[in-house]
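Engineer: Structure below; questions to follow.
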Amino acid sequence: GFWIPGYPDGDENTAPSIDEVLSLFRDNQTYYRPFHDQCRTDEDYYLGRRPVPHPENIDPVWPATAGAIINVATDHVDVNNLQIDVPSSPRSRARAERLKKFYQGVWLNIKEPTLRTAVRQSFLYGIAFLKTMFDADRWPDSPIMDDFDSDADYREALSEFMERRSLTFPFIVKCANPRNLIWDDSKTRMKWVIEFSERNVRDLKRRYPEWTTEKEGSNLAQWIEYWDEEWVAYIADNEFVWGPHRHGYGFLPYTPIVPVHSFTFEDGHPSDRFRGLLNNVRSLLDEEARLITQLGAIVRTTAYRTLDFAGPRMQTEEAAETYELFGGKNVLPPGVEVRPSPMVQVPPDIFQQLNIVQTLIEQATFPNVIRGVRPR
């Protein structure tokens with residue numbers, strides 16, 4: 001049959017082929033390229049990897065303002081106390097209460113800092129994704145009757161298995177970086193997701209020994225995961241290494257998190273709809289780094305004052321060679337005068353401009369009062 005991504009029809013023949021998945025990946029990769037480039041730029045600001053103009057032999061200074069903006073925004077989101085509302089009627093109130101407790105338990109079972117990372121990514125990129133997966137290694141193995149000498153031993157092992165299973169949560173939630181995602185951007189709902197990255201060939205061969213490649217173990221291979229509401233497939237260097245199989249989840253395991261930074265989510269390019277907190281202050285962050293670098297360059301080159309020797313040339317050169325600056329006694333030849341070199345002052349306009357830029361950054365992101373800093 002004809003394959004439409006994300007539309008299951010129960011026919012085994014509608015499983016996606018390798019050509020269909022790769023064609024879908026390449027076509028949408030072009031569509032999402034501006035958004036992915038925008039994500040990389042935001043990462044450079046967050047990690048302080050942006051180039052800063054600076055004089056020769058002077059190290060550039062990139063202030064941690066960008067990282068502080070994202071981290072402060074993340075700190076003000078309480079990821080542990082989720083507001084869960086289960087609609088109910090007077091007859092189904094008890095069932096709704098049990099469902100609410102179950103959802104709260106599921107949320108609190110996310111032990112790793114996944115939720116805070118998702119919030120941080122949503123503020124940085126303008127969107128984040130949680131990926132929910134079943135982890136079979138966390139599920140205890142059921143006992144087999146043939147492995148026991150008596151029925152009593154088997155029943156005892158079965159009872160222990162049932163007890164462990166009632167306390168085991170065999171699901172994991174991870175953060176999927178939007179920079180490595182391509183998803184269904186239709187207005188109805190998201191029906192498929194493609195996650196791509198580069199992975200070590202040695203690790204892939206160890207996990208999928210039937211996969212053959214001419215690359216050496218230290219090289220990297222392109223890794224692609226295709227997911228929709230029914231099918232899943234893993235691809236390494238344009239070849240299926242697992243699947244396509246029906247995953248049986250009953251839903252797409254990718255959940256988008258959008259912090260509502262955009263004025264629309266219905267139309268426009270993803271790079272316009274999903275914008276992080278740093279997007280509108282990039283030029284201000286560049287200007288702040290330039291001004292601070294200028295201040296540092298002026299202070300470094302003028303902090304240690306030099307001396308000027310005035311007088312006859314031969315006598316001044318002799319005095320300069322033997323002159324002791326720190327705690328020494330000096331005898332100057334006749335006619336030689338020593339005086340400190342003129343002190344270069346930092347232009348006050350630089351401080352004024354820096355103050356204006358930092359105020360504009362604060363107004364466009366988070367006021368200092370949110371950080372606990374009193375207004376000046």
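Convention: chains lettered A, B, ... in structure tokens order; per-chain residue numbering from 1; ligands numbered from 1 as shown.
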For Pro87 in chain A, work out the shell of residues within 12 Å, counting only C-alpha atoms and skipping chain neighbours fewer than 5 positions away, then give it as a ChimeraX atom specification.

Structural biologist: /A:92-97,99-100

Engineer: Kindly save the residues from that selection, with N, CA, C and O atoms included, as an mmCIF file, in the first residue's frame.

Structural biologist:
data_model
loop_
_atom_site.group_PDB
_atom_site.id
_atom_site.type_symbol
_atom_site.label_atom_id
_atom_site.label_comp_id
_atom_site.auth_asym_id
_atom_site.auth_seq_id
_atom_site.Cartn_x
_atom_site.Cartn_y
_atom_site.Cartn_z
ATOM 1 N N SER A 92 -17.612 9.334 38.923
ATOM 2 C CA SER A 92 -16.245 8.876 38.605
ATOM 3 C C SER A 92 -15.190 9.622 39.412
ATOM 4 O O SER A 92 -14.036 9.666 39.020
ATOM 5 N N ARG A 93 -15.582 10.206 40.529
ATOM 6 C CA ARG A 93 -14.636 10.994 41.310
ATOM 7 C C ARG A 93 -13.524 10.123 41.903
ATOM 8 O O ARG A 93 -12.353 10.510 41.915
ATOM 9 N N ALA A 94 -13.863 8.949 42.369
ATOM 10 C CA ALA A 94 -12.852 8.065 42.954
ATOM 11 C C ALA A 94 -11.850 7.614 41.898
ATOM 12 O O ALA A 94 -10.640 7.565 42.142
ATOM 13 N N ARG A 95 -12.340 7.294 40.721
ATOM 14 C CA ARG A 95 -11.447 6.879 39.637
ATOM 15 C C ARG A 95 -10.538 8.043 39.233
ATOM 16 O O ARG A 95 -9.329 7.848 39.000
ATOM 17 N N ALA A 96 -11.084 9.242 39.152
ATOM 18 C CA ALA A 96 -10.265 10.399 38.797
ATOM 19 C C ALA A 96 -9.194 10.658 39.848
ATOM 20 O O ALA A 96 -8.063 11.033 39.519
ATOM 21 N N GLU A 97 -9.513 10.438 41.106
ATOM 22 C CA GLU A 97 -8.523 10.628 42.169
ATOM 23 C C GLU A 97 -7.396 9.614 42.055
ATOM 24 O O GLU A 97 -6.217 9.957 42.248
ATOM 25 N N LEU A 99 -6.410 8.156 39.248
ATOM 26 C CA LEU A 99 -5.626 8.541 38.082
ATOM 27 C C LEU A 99 -4.700 9.715 38.406
ATOM 28 O O LEU A 99 -3.537 9.741 37.970
ATOM 29 N N LYS A 100 -5.191 10.664 39.164
ATOM 30 C CA LYS A 100 -4.367 11.807 39.519
ATOM 31 C C LYS A 100 -3.165 11.373 40.352
ATOM 32 O O LYS A 100 -2.032 11.828 40.117
#

Engineer: Give me, as a Markdown table, each residue of range 17-103 of chain A that comes within 12 Å of range 183-192 of chain A, together with its shortest interatomic pair and the distance in Å at one decimal, counting only C-alpha atoms, with rows ordered by chain and rising residue number.

Structural biologist:
| residue | atom | partner | partner_atom | distance |
| --- | --- | --- | --- | --- |
| A:Val21 | CA | A:Trp192 | CA | 10.7 |
| A:Leu24 | CA | A:Trp183 | CA | 10.1 |
| A:Phe25 | CA | A:Trp183 | CA | 9.4 |
| A:Asp27 | CA | A:Trp183 | CA | 11.6 |
| A:Asn28 | CA | A:Trp183 | CA | 8.2 |
| A:Gln29 | CA | A:Trp183 | CA | 9.7 |
| A:Tyr31 | CA | A:Asp185 | CA | 10.2 |
| A:Tyr32 | CA | A:Trp183 | CA | 9.0 |

Engineer: Which one of A:Pro53, A:Ala15, A:Asp75, A:Ala364 sits closest to Trp227 in chain A if you count only C-alpha atoms?

Structural biologist: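 Among A:Pro53, A:Ala15, A:Asp75, A:Ala364, it is A:Ala15 that comes nearest to Trp227 in chain A.
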
Engineer: May I ask which of the residues A:Glu288, A:Asp42, A:Glu112, A:Glu216 is the closest one to Asn200 in chain A, counting only C-alpha atoms?

Structural biologist: A:Glu216

Engineer: For Pro270 in chain A, which residue among A:Lys205, A:His54, A:Arg49, A:Arg179 is the nearest when counting only C-alpha atoms?

Structural biologist: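 Ranked by minimum distance to Pro270 in chain A, first place goes to A:Arg179.
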
Engineer: Need to verify the contact set: Ile69 in chain A, 9 Å, only C-alpha atoms, exclusion of same-chain residues closer than 5 positions in sequence. Can you return it as a PyMOL selection string?

Structural biologist: chain A and resi 46+64+74+277-278+362+365-366

Engineer: What gap, in Å, lies between CA of Gly311 in chain A and CA of Val344 in chain A?

Structural biologist: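 That distance, rounded to one decimal, is 23.6 Å.
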
Engineer: Compare A:Gln363, A:Ser271, A:Thr293, A:Gln358 by their minimum atom-to-atom distance to Phe35 in chain A, counting only C-alpha atoms, and give me the closest one.

Structural biologist: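 Closest to Phe35 in chain A, using only C-alpha atoms: A:Ser271.
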
Engineer: Excluding same-chain residues fewer than 6 positions from range 169-176 of chain A, what lies within 10 Å of it counting only C-alpha atoms, as number ranges by chain?

Structural biologist: A: 105-107, 109-119, 121, 128-140, 195, 253-256

Engineer: For Ile361 in chain A, list every protein, DNA or RNA residue within 12 Å, evaluated using only C-alpha atoms, and leave out those in the same chain fewer than 6 positions away; present the list as number ranges by chain.

Structural biologist: A: 65-66, 68-69, 277-288, 354-355, 367-368

Engineer: Nearest to Asp237 in chain A among A:Glu198, A:Asp151, A:Asp78, A:Glu210, with distances taken over only C-alpha atoms: which residue is it?

Structural biologist: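 Nearest to Asp237 in chain A: A:Glu198.
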
Engineer: Among range 26-247 of chain A, which ones does DSSP assign to strand (DSSP E or B) (computed from the backbone)? Answer as a VMD selection string.

Structural biologist: chain A and resid 128 to 134 171 to 176 181 to 183 192 to 200 220 to 228 231 to 236 239 to 246

Engineer: Mind checking which residues fall within 8 Å of range 331-334 of chain A, counting only C-alpha atoms, ignoring those fewer than 6 positions away in the same chain, and posting them as a short mmCIF file (atom, residue, chain, number, x, y, z; two decimals) with all heavy atoms, in the first residue's frame?

Structural biologist:
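Full text of around03.cif as output:
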data_model
loop_
_atom_site.label_atom_id
_atom_site.label_comp_id
_atom_site.auth_asym_id
_atom_site.auth_seq_id
_atom_site.Cartn_x
_atom_site.Cartn_y
_atom_site.Cartn_z
N GLN A 315 73.33 59.73 29.39
CA GLN A 315 73.06 59.63 30.81
C GLN A 315 71.70 59.00 31.10
O GLN A 315 71.53 58.22 32.04
CB GLN A 315 73.14 61.03 31.46
CG GLN A 315 74.54 61.56 31.64
CD GLN A 315 75.07 62.22 30.38
OE1 GLN A 315 74.46 62.11 29.31
NE2 GLN A 315 76.23 62.88 30.48
N THR A 316 70.69 59.36 30.29
CA THR A 316 69.36 58.78 30.52
C THR A 316 69.34 57.29 30.23
O THR A 316 68.70 56.51 30.95
CB THR A 316 68.32 59.49 29.63
OG1 THR A 316 68.73 59.43 28.25
CG2 THR A 316 68.14 60.94 30.04
N ALA A 319 70.98 55.63 33.21
CA ALA A 319 70.11 55.64 34.38
C ALA A 319 68.96 54.66 34.23
O ALA A 319 68.55 54.00 35.20
CB ALA A 319 69.58 57.05 34.61
#

Engineer: Which parts of range 245-306 of chain A does DSSP call alpha helix (DSSP H) when run on the backbone here, written out as a ChimeraX atom specification?

Structural biologist: /A:270-273,282-302
